[in-house]
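Below: the structure, in structure tokens.
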Amino acid sequence: MTDEGLLAEQIAYYRAIAGEYEDHAIDAPGQSQLVAAFDRFQISGHVLELACGPGHWTRRIVPGATSLTAVDASPEMIARAQSQLGESPVRFIESDLFHWQPDRQYDSVFFGFWLSHVPGARFETFWDLVASCLHPEGRVFFVDDNHRTDQELIEGSGSPIVERQLNDGTTYRAIKVPHHSDTLEERLHSLGWNITVAEAGPFYWGSGARAPSKAA
């Protein structure tokens, strides 16, 4: 399957799982540390959320945001997010992030449980997108996990491809890159980001900004 084909199947998976998303949550230590790190970051200003999913993090962002734009490829996920937020003035955009470009810049960019679904070959391009979304002094914060079960690893532990199953037994393939804090932080630094990455259990999170440009 081509890269595009696998990413299309990943979108199909998240469209299909929208109604049962919580059934597949990871029950593991580290969640409280992750939430505490998010709270310490104090996301504010004009905020962009990438891959908003069913709106769990969107709801946490709203109170501190001057404005919030949330992007997701799944209309089913966006519908769930909208139902959770009620009358909150969030601008939702339905779009595949690998083909989307921002129409403005933001003070903060957030993405939750998305980075691990970015193929390795598109990692740098994705971070170029994040940079294009931020004001020069803008900040970024993300959360994710590196949890993969043995049953999911249909191509072995060395492959980023996993197979996920819905409650009705339907299966989909998706990308799940098992990032770890030290190597992820080092890679981001090599791309010109001052981002600190920490982890607890299978969860990890990162916060920071673009590194200052060096004088010629």
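As shown in the structure tokens, the chain order sets the letters A, B, ...; within each chain, residues go from 1, and ligands are also counted from 1 in the order they appear.
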TODO: Name the residues in contact with Glu87 (chain A) at a cut-off of 12 Å, using only C-alpha atoms, excluding same-chain residues fewer than 5 positions from it; report them as a list in words.
DONE: Arg59, Val62, Ala81 and Gln82 of chain A
Open item on the list: Residues within 8 Å of Ser108 (chain A), please, as a PyMOL selection string. Count only C-alpha atoms; anything in the same chain fewer than 4 positions from it doesn't count.
Closed with: chain A and resi 43-48+134+138-141
Open item on the list: Please return, as a PyMOL selection string, all residues of chain A that DSSP assigns to alpha helix (DSSP H) on the basis of the backbone.
Closed with: chain A and resi 3-17+31-41+56-61+75-85+123-133+181-190
Task: 6 Å contact set for region 147-151 of chain A, only C-alpha atoms, chain neighbours under 2 positions out, as a PyMOL selection string - done: chain A and resi 145+153+202
TODO: Going by DSSP on the backbone, which bits of region 65-216 of chain A are strand (DSSP E)? Write them as a ChimeraX atom specification, please.
DONE: /A:65-72,90-94,106-112,134-145,161-165,171-175,193-200,203-210
